[in-house]
>>> print(open('input36.txt').read())   # compact mmCIF, C-alpha atoms
# COMPACT_ATOMS: atom_id res chain seq x y z
CA MET A 25 -3.58 -10.67 22.55
CA LYS A 26 -0.60 -10.95 20.23
CA VAL A 27 1.69 -7.95 20.24
CA SER A 28 4.43 -7.55 17.61
CA VAL A 29 7.24 -5.33 18.84
CA TRP A 30 10.22 -4.09 16.82
CA LYS A 31 13.45 -5.51 18.19
CA GLY A 32 16.83 -4.39 16.88
CA GLY A 33 18.16 -1.23 15.27
CA ALA A 34 17.77 -0.17 11.68
CA GLU A 35 18.09 -3.89 10.94
CA GLY A 36 15.85 -6.04 13.07
CA ALA A 37 12.51 -7.75 13.13
CA PHE A 38 9.12 -7.71 14.78
CA GLN A 39 9.00 -10.15 17.66
CA GLU A 40 5.64 -11.47 18.84
CA PHE A 41 4.61 -11.54 22.49
CA GLU A 42 1.48 -12.92 24.15
CA VAL A 43 0.13 -10.18 26.45
CA PRO A 44 -2.91 -10.44 28.75
CA ARG A 45 -5.76 -8.17 27.72
CA LEU A 46 -7.04 -6.07 30.61
CA PRO A 47 -9.83 -3.49 30.90
CA SER A 48 -8.65 0.15 30.57
CA GLN A 49 -5.23 -0.80 29.23
CA THR A 50 -2.99 1.60 27.33
CA VAL A 51 -0.36 0.66 24.77
CA LEU A 52 2.27 1.92 27.23
CA ASP A 53 0.91 -0.55 29.79
CA VAL A 54 1.44 -3.27 27.18
CA VAL A 55 5.03 -2.26 26.42
CA THR A 56 5.82 -1.98 30.13
CA TYR A 57 4.33 -5.44 30.78
CA ILE A 58 6.47 -6.93 28.01
CA GLN A 59 9.65 -5.36 29.36
CA ARG A 60 8.96 -6.33 32.98
CA ALA A 61 7.55 -9.83 32.54
CA LEU A 62 8.64 -11.17 29.15
CA ASP A 63 11.71 -9.44 27.70
CA PRO A 64 13.86 -7.34 30.03
CA THR A 65 16.11 -6.31 27.13
CA LEU A 66 13.32 -4.30 25.46
CA ALA A 67 14.33 -0.63 25.17
CA TYR A 68 11.64 2.06 25.23
CA ARG A 69 11.05 5.60 26.48
CA TYR A 70 8.41 7.06 28.74
CA ALA A 71 8.30 9.55 31.57
CA CYS A 72 5.07 11.08 32.85
CA ARG A 73 2.74 8.29 31.57
CA VAL A 74 -0.19 10.77 31.78
CA GLY A 75 -0.09 12.51 28.39
CA MET A 76 2.00 15.57 29.20
CA CYS A 77 5.61 14.94 28.23
CA GLY A 78 5.44 13.28 24.81
CA SER A 79 8.29 10.85 25.58
CA CYS A 80 6.30 7.68 24.91
CA ALA A 81 5.57 8.39 21.25
CA MET A 82 5.81 5.23 19.11
CA THR A 83 4.32 3.83 15.91
CA VAL A 84 1.22 1.84 16.80
CA ASN A 85 -0.38 -0.15 13.94
CA GLY A 86 1.35 2.14 11.48
CA ALA A 87 0.44 5.50 13.04
CA PRO A 88 2.53 7.64 15.42
CA ARG A 89 0.84 8.06 18.78
CA TRP A 90 1.48 8.76 22.46
CA THR A 91 1.30 5.24 23.80
CA CYS A 92 0.23 6.38 27.29
CA ARG A 93 -2.78 8.11 25.74
CA THR A 94 -3.70 5.27 23.40
CA HIS A 95 -6.20 2.79 24.79
CA VAL A 96 -5.67 -0.73 23.50
CA ASP A 97 -9.43 -0.92 22.80
CA LYS A 98 -9.09 1.92 20.30
CA VAL A 99 -6.32 0.37 18.20
CA VAL A 100 -6.34 -3.41 18.62
CA ARG A 101 -7.41 -5.30 15.47
CA ASP A 102 -8.31 -8.99 15.63
CA GLU A 103 -6.62 -9.16 19.03
CA ARG A 104 -3.32 -8.01 17.45
CA LEU A 105 -1.14 -4.95 17.94
CA GLN A 106 2.00 -3.83 16.16
CA ILE A 107 4.37 -1.47 17.99
CA GLY A 108 7.43 0.08 16.41
CA PRO A 109 9.72 3.05 16.89
CA LEU A 110 8.76 6.47 15.51
CA LYS A 111 9.26 6.67 11.74
CA ASN A 112 11.58 9.14 9.98
CA LEU A 113 14.17 8.95 12.76
CA PRO A 114 17.20 6.66 13.16
CA VAL A 115 16.52 3.76 15.52
CA ILE A 116 18.93 3.44 18.45
CA ARG A 117 17.42 0.20 19.72
CA ASP A 118 13.98 -1.39 19.66
CA LEU A 119 11.46 1.40 20.34
CA VAL A 120 13.98 4.16 21.03
CA THR A 121 14.86 6.65 18.27
CA ASP A 122 17.64 9.20 17.94
CA MET A 123 15.87 12.55 18.09
CA ARG A 124 18.91 14.73 17.53
CA GLU A 125 18.01 15.50 13.89
CA PHE A 126 14.51 16.51 14.96
CA PHE A 127 15.94 19.12 17.35
CA ASP A 128 18.76 20.14 15.02
CA LYS A 129 16.15 21.06 12.42
CA TRP A 130 14.32 23.07 15.08
CA ALA A 131 17.52 25.08 15.52
CA ARG A 132 18.04 25.38 11.75
CA ALA A 133 14.57 26.87 11.42
CA LYS A 134 15.67 29.51 13.94
CA GLY A 135 13.20 28.20 16.47
CA GLN A 136 14.73 30.27 19.26
CA PHE A 137 13.39 33.53 20.62
CA GLU A 138 15.63 36.56 20.16
CA GLY A 139 14.53 39.48 22.30
CA GLY A 140 15.76 43.01 21.90
CA ARG A 141 15.24 44.42 25.36
CA SER A 142 17.41 44.40 28.45
CA LYS A 143 16.23 44.23 32.05
CA SER A 144 16.47 48.01 32.29
CA ASP A 145 13.91 48.46 29.51
CA ASP A 146 10.20 48.48 30.17
CA PHE A 147 8.06 45.38 29.46
CA HIS A 148 6.90 44.90 25.90
CA ALA A 149 3.15 44.82 26.46
CA VAL A 150 1.48 42.18 24.31
CA ARG A 151 -2.31 42.11 24.45
CA PRO A 152 -3.42 38.49 24.76
CA ASP A 153 -6.40 39.18 22.50
CA SER A 154 -4.36 40.86 19.76
CA ALA A 155 -4.55 39.20 16.36
CA ASN A 156 -0.86 38.27 16.39
CA ARG A 157 -0.93 36.81 19.89
CA LEU A 158 -4.02 34.73 19.14
CA GLN A 159 -2.16 33.19 16.21
CA VAL A 160 0.87 32.47 18.39
CA ASP A 161 -1.29 30.96 21.14
CA ALA A 162 -2.91 28.58 18.65
CA ALA A 163 0.47 27.02 17.92
CA ILE A 164 2.54 27.56 21.07
CA GLU A 165 1.68 24.39 23.00
CA CYS A 166 4.07 22.13 21.11
CA ILE A 167 6.22 20.00 23.42
CA GLY A 168 8.47 18.55 20.75
CA CYS A 169 7.25 14.97 20.92
CA GLY A 170 8.06 14.18 17.28
CA VAL A 171 4.70 12.65 16.34
CA CYS A 172 4.10 15.18 13.54
CA TYR A 173 7.64 14.71 12.21
CA SER A 174 7.10 10.98 12.19
CA ALA A 175 3.76 11.32 10.38
CA CYS A 176 5.02 13.67 7.68
CA ASP A 177 5.31 12.25 4.13
CA VAL A 178 7.63 15.05 3.00
CA VAL A 179 10.06 14.34 5.87
CA ALA A 180 10.14 10.74 4.62
CA TRP A 181 10.74 11.81 1.00
CA ASN A 182 13.05 14.79 1.53
CA PRO A 183 15.71 14.24 4.23
CA ASP A 184 16.52 17.96 4.37
CA TYR A 185 12.94 19.08 5.03
CA LEU A 186 12.81 20.95 8.35
CA GLY A 187 9.52 19.35 9.28
CA PRO A 188 6.23 20.44 10.81
CA ALA A 189 7.37 20.98 14.42
CA ALA A 190 10.35 23.17 13.57
CA LEU A 191 8.31 25.23 11.12
CA ASN A 192 5.41 25.51 13.57
CA ARG A 193 7.78 26.89 16.20
CA ALA A 194 9.31 29.31 13.69
CA TRP A 195 5.80 30.60 12.94
CA THR A 196 5.08 31.30 16.62
CA LEU A 197 8.23 33.39 16.76
CA VAL A 198 7.55 35.19 13.47
CA LYS A 199 4.21 36.31 14.95
CA ASP A 200 5.73 37.20 18.32
CA GLU A 201 5.91 40.98 18.47
CA ARG A 202 8.76 40.87 21.00
CA ASP A 203 11.08 38.87 18.78
CA GLY A 204 13.74 40.75 16.83
CA ALA A 205 14.95 38.16 14.32
CA LYS A 206 11.96 37.94 12.00
CA LEU A 207 13.73 38.41 8.66
CA GLU A 208 16.54 36.02 9.54
CA ARG A 209 13.98 33.46 10.58
CA LEU A 210 11.96 33.88 7.38
CA ARG A 211 15.15 33.38 5.41
CA ALA A 212 15.86 30.21 7.39
CA VAL A 213 12.47 28.72 6.52
CA ALA A 214 12.18 30.00 2.95
CA GLY A 215 14.71 27.69 1.30
CA ASP A 216 14.23 24.33 -0.40
CA ALA A 217 14.18 22.60 2.98
CA GLY A 218 11.63 25.02 4.36
CA CYS A 219 7.95 25.74 4.34
CA HIS A 220 7.55 25.71 0.54
CA SER A 221 8.20 21.96 0.49
CA CYS A 222 5.04 21.30 2.47
CA HIS A 223 2.43 19.56 0.31
CA THR A 224 -0.42 20.24 2.74
CA HIS A 225 -1.12 16.53 3.28
CA MET A 226 -2.02 17.49 6.87
CA SER A 227 -0.80 14.25 8.43
CA CYS A 228 0.86 16.41 11.09
CA THR A 229 -2.39 18.16 11.96
CA GLU A 230 -4.28 14.87 11.94
CA ARG A 231 -1.90 13.17 14.38
CA CYS A 232 -0.81 15.99 16.72
CA PRO A 233 -1.70 14.84 20.25
CA LYS A 234 -2.15 18.47 21.31
CA GLN A 235 -4.51 19.23 18.42
CA LEU A 236 -2.15 21.80 16.94
CA SER A 237 -2.10 22.52 13.23
CA PRO A 238 1.43 22.76 11.87
CA THR A 239 -0.19 22.94 8.42
CA ALA A 240 -1.81 26.25 9.34
CA SER A 241 1.48 27.53 10.75
CA ILE A 242 3.33 26.54 7.58
CA ALA A 243 0.67 28.25 5.46
CA GLY A 244 1.20 31.32 7.61
CA LEU A 245 4.94 31.21 6.97
CA LYS A 246 4.29 31.01 3.22
CA ARG A 247 2.09 34.13 3.44
CA GLU A 248 4.63 36.02 5.54
CA ILE A 249 7.42 35.20 3.11
CA LEU A 250 5.32 36.37 0.17
CA LYS A 251 4.52 39.61 2.02
CA SER A 252 8.21 40.17 2.79
CA VAL A 253 9.23 39.53 -0.81
CA VAL A 254 6.59 41.94 -2.12
CA ARG A 255 7.81 44.57 0.36
CA GLY A 256 11.36 44.02 -0.85
CA GLU A 257 12.59 42.88 2.57
CA LEU A 258 13.65 39.37 1.53
CA MET B 19 -3.01 33.61 -11.53
CA LEU B 20 -2.89 30.14 -13.02
CA ALA B 21 -6.18 29.24 -11.36
CA VAL B 22 -7.83 32.25 -13.02
CA CYS B 23 -6.37 31.29 -16.41
CA VAL B 24 -7.58 27.71 -16.09
CA ALA B 25 -11.07 28.79 -15.03
CA VAL B 26 -11.41 31.23 -17.93
CA HIS B 27 -10.05 28.66 -20.40
CA LEU B 28 -12.45 25.96 -19.18
CA ALA B 29 -15.40 28.32 -19.37
CA THR B 30 -14.40 29.35 -22.89
CA ILE B 31 -13.98 25.86 -24.30
CA ILE B 32 -17.20 24.67 -22.69
CA TYR B 33 -18.95 27.63 -24.28
CA ALA B 34 -17.41 26.85 -27.68
CA VAL B 35 -18.23 23.14 -27.54
CA GLN B 36 -21.76 23.51 -26.13
CA GLY B 37 -22.35 26.29 -28.61
CA GLY B 38 -21.57 23.83 -31.40
CA LEU B 39 -18.91 26.05 -32.96
CA THR B 40 -16.87 24.47 -35.74
CA ALA B 41 -13.10 24.78 -35.89
CA ALA B 42 -13.43 27.29 -38.71
CA GLU B 43 -15.92 29.35 -36.71
CA ILE B 44 -13.65 29.34 -33.65
CA LEU B 45 -10.65 30.41 -35.66
CA GLY B 46 -12.74 33.10 -37.29
CA ARG B 47 -13.28 34.60 -33.84
CA THR B 48 -9.78 34.13 -32.47
CA ARG B 49 -7.54 35.12 -35.36
CA GLY B 50 -6.43 38.72 -34.99
CA ASN B 51 -8.01 38.98 -31.55
CA HIS B 52 -5.44 40.86 -29.49
CA ALA B 53 -7.22 40.55 -26.15
CA TRP B 54 -7.36 36.77 -26.30
CA LEU B 55 -3.81 36.69 -27.67
CA ALA B 56 -2.63 38.56 -24.58
CA PHE B 57 -4.65 36.36 -22.23
CA TYR B 58 -3.39 33.09 -23.66
CA SER B 59 0.20 34.35 -23.79
CA VAL B 60 -0.02 35.05 -20.05
CA PHE B 61 -1.45 31.55 -19.58
CA VAL B 62 1.51 29.98 -21.44
CA VAL B 63 4.03 31.96 -19.38
CA ALA B 64 2.28 31.01 -16.13
CA VAL B 65 2.33 27.32 -17.07
CA SER B 66 5.99 27.47 -18.11
CA VAL B 67 6.88 28.92 -14.71
CA HIS B 68 4.58 26.86 -12.51
CA ALA B 69 4.98 23.31 -13.86
CA PRO B 70 8.80 23.07 -13.57
CA ILE B 71 8.72 24.43 -10.00
CA GLY B 72 6.32 21.68 -9.00
CA LEU B 73 8.33 19.04 -10.83
CA ARG B 74 11.47 20.21 -9.04
CA ALA B 75 10.06 19.09 -5.71
CA ILE B 76 8.78 15.81 -7.16
CA PHE B 77 12.15 15.02 -8.77
CA LEU B 78 13.79 15.44 -5.35
CA GLU B 79 11.22 13.46 -3.44
CA TRP B 80 10.80 10.51 -5.83
CA LEU B 81 14.06 10.34 -7.79
CA ARG B 82 16.35 11.91 -5.12
CA TRP B 83 17.56 14.16 -7.93
CA ARG B 84 19.43 17.25 -6.72
CA GLY B 85 21.80 19.88 -7.96
CA ALA B 86 22.57 21.70 -11.16
CA SER B 87 21.59 18.87 -13.54
CA ARG B 88 18.03 18.85 -12.21
CA ASP B 89 17.68 22.61 -12.56
CA ILE B 90 19.16 22.61 -16.08
CA VAL B 91 16.75 19.89 -17.24
CA LEU B 92 13.84 21.82 -15.72
CA ALA B 93 14.93 25.06 -17.38
CA LEU B 94 14.96 23.24 -20.72
CA PHE B 95 11.54 21.76 -19.94
CA SER B 96 10.27 25.24 -19.13
CA ALA B 97 11.60 26.55 -22.44
CA ALA B 98 9.97 23.61 -24.24
CA LEU B 99 6.60 24.33 -22.63
CA ALA B 100 6.90 28.02 -23.51
CA TRP B 101 7.82 27.19 -27.12
CA MET B 102 5.01 24.68 -27.60
CA GLY B 103 2.54 26.99 -25.91
CA MET B 104 3.43 30.09 -27.88
CA ARG B 105 3.44 28.10 -31.11
CA ALA B 106 -0.15 27.11 -30.36
CA VAL B 107 -1.08 30.65 -29.35
CA PHE B 108 0.38 32.06 -32.55
CA SER B 109 -1.46 29.61 -34.76
CA VAL B 110 -4.79 30.34 -33.10
CA PHE B 111 -4.66 34.05 -32.36
CA ILE B 112 -2.50 35.61 -35.06
>>> encode(input="input36.txt", output="structure tokens")
Amino acid sequence: MKVSVWKGGAEGAFQEFEVPRLPSQTVLDVVTYIQRALDPTLAYRYACRVGMCGSCAMTVNGAPRWTCRTHVDKVVRDERLQIGPLKNLPVIRDLVTDMREFFDKWARAKGQFEGGRSKSDDFHAVRPDSANRLQVDAAIECIGCGVCYSACDVVAWNPDYLGPAALNRAWTLVKDERDGAKLERLRAVAGDAGCHSCHTHMSCTERCPKQLSPTASIAGLKREILKSVVRGEL
Amino acid sequence: MLAVCVAVHLATIIYAVQGGLTAAEILGRTRGNHAWLAFYSVFVVAVSVHAPIGLRAIFLEWLRWRGASRDIVLALFSAALAWMGMRAVFSVFI
């Protein structure tokens, strides 16, 4: 089959390669074959190759996916494939993007836990079936792969927008009873670059390889902010 | 709030049109009607607040427009909507 692969940086072009079609082949297999047999200069990322780490995320036929978890059979069209770097991020080279902005926004959304207890305090008991914890658990499995960020229209249109992953993580911490920085965090996600810029297109939810719903988390943040404003806290 | 206003407004105009009311008949019912005056004034205020907020995001996303100039233009637009709306409300309900 004919595989078009992005070569270059921000400026570049799709280069076409002829790749043998095999049974049970993933897109990562295809990229690896190209780099090993056809073009050793091709730059790409992967690590676990079994759908756990999120490193191999790329744009396949226009949609962001984990290439190790994408069977060629599912995406090939007329024996053609197009593989590019993740969208909405600067391209370092070929299929490798600079993810610093993605993680910087995570930090700007206050996506870090801030506990209030020391080791001499007792444990903060959190019931796993409590309403708050169930909401956290529904969103906690994010591994920061960047697929949602790459799928998001608002990230493309508004360079300041914190993005679905950062806001999803902020939500899990807002609902975490042990965390002490709730108001600060709500302030961090309540600005123009925060949750209110989400248009609920749900591309993030559609594409998340872990079936998370950043849209639901962002809706939750909007509700929490409204509650805080009504209570006079924000 | 706006959703409620829109729903009530739609129901009302459908009722008036299906009921075959003439313009004179409608105005006969609305002029001097304080309850409807209050309702439609709230509707105008809600629209004047809601529409510019939405446009603010669109101006950023599609025109990359930021800063004070954008907000000033939107404030003027909000005032314009409020003026046009209240002018209509006054002519129908007072």
>>> closest_atom_pairs(input="input36.txt", of="chain B", to="chain A", cutoff="10 Å", atoms="all atoms listed in the file", output="tab-separated table")
residue	atom	partner	partner_atom	distance
B:Gly72	CA	A:Ser221	CA	9.7
B:Arg74	CA	A:Asp216	CA	10.0
B:Ala75	CA	A:Ser221	CA	7.1
B:Ile76	CA	A:Trp181	CA	9.3
B:Leu78	CA	A:Asn182	CA	7.0
B:Glu79	CA	A:Trp181	CA	4.8
B:Trp80	CA	A:Trp181	CA	7.0
B:Leu81	CA	A:Trp181	CA	9.5
B:Arg82	CA	A:Asn182	CA	8.0
>>> residues_around(input="input36.txt", residues="region 78-86 of chain A", least_positions_apart="6", cutoff="9 Å", atoms="all atoms listed in the file", output="ChimeraX atom specification")
/A:51-52,68-72,92,94,99-101,105-111,119-120,167-171,174,233
>>> residues_around(input="input36.txt", residues="Phe108 (chain B)", least_positions_apart="3", cutoff="10 Å", atoms="only C-alpha atoms", output="list in words")
Arg49, Gly50, Leu55, Tyr58, Ser59, Gly103, Met104, Arg105, Phe111 and Ile112 of chain B
>>> atom_distance(input="input36.txt", atom1="CA of Glu42 (chain A)", atom2="CA of Pro114 (chain A)")
27.4 Å
>>> closest_residue(input="input36.txt", among="A:Asn192, A:Ser154, A:Thr50, A:Ser142", to="Trp90 (chain A)", atoms="only C-alpha atoms")
A:Thr50
>>> atom_distance(input="input36.txt", atom1="CA of Val27 (chain A)", atom2="CA of Lys234 (chain A)")
26.7 Å
>>> residues_near_point(input="input36.txt", point="(6.2, -12.9, 25.7)", cutoff="7 Å", atoms="only C-alpha atoms", output="list in words")
Phe41, Glu42, Val43, Ile58, Leu62 and Asp63 of chain A
>>> atom_distance(input="input36.txt", atom1="CA of Arg93 (chain A)", atom2="CA of Arg73 (chain A)")
8.0 Å
>>> residues_around(input="input36.txt", residues="region 236-240 of chain A", least_positions_apart="4", cutoff="12 Å", atoms="all atoms listed in the file", output="ChimeraX atom specification")
/A:159-168,171-173,175-176,187-196,219-232,244-247
>>> residues_near_point(input="input36.txt", point="(11.8, 38.3, 22.9)", cutoff="12 Å", atoms="only C-alpha atoms", output="ChimeraX atom specification")
/A:136-143,147-150,196-206
>>> closest_residue(input="input36.txt", among="A:Ala217, A:Leu186, A:Ile116, A:Val74", to="Trp130 (chain A)", atoms="all atoms listed in the file")
A:Leu186
>>> closest_residue(input="input36.txt", among="A:Gly32, A:Arg255, A:Arg104, A:Ala37", to="Thr65 (chain A)", atoms="only C-alpha atoms")
A:Gly32
>>> closest_residue(input="input36.txt", among="A:Leu66, A:Ala133, A:Val96, A:Ile242", to="Val54 (chain A)", atoms="all atoms listed in the file")
A:Val96
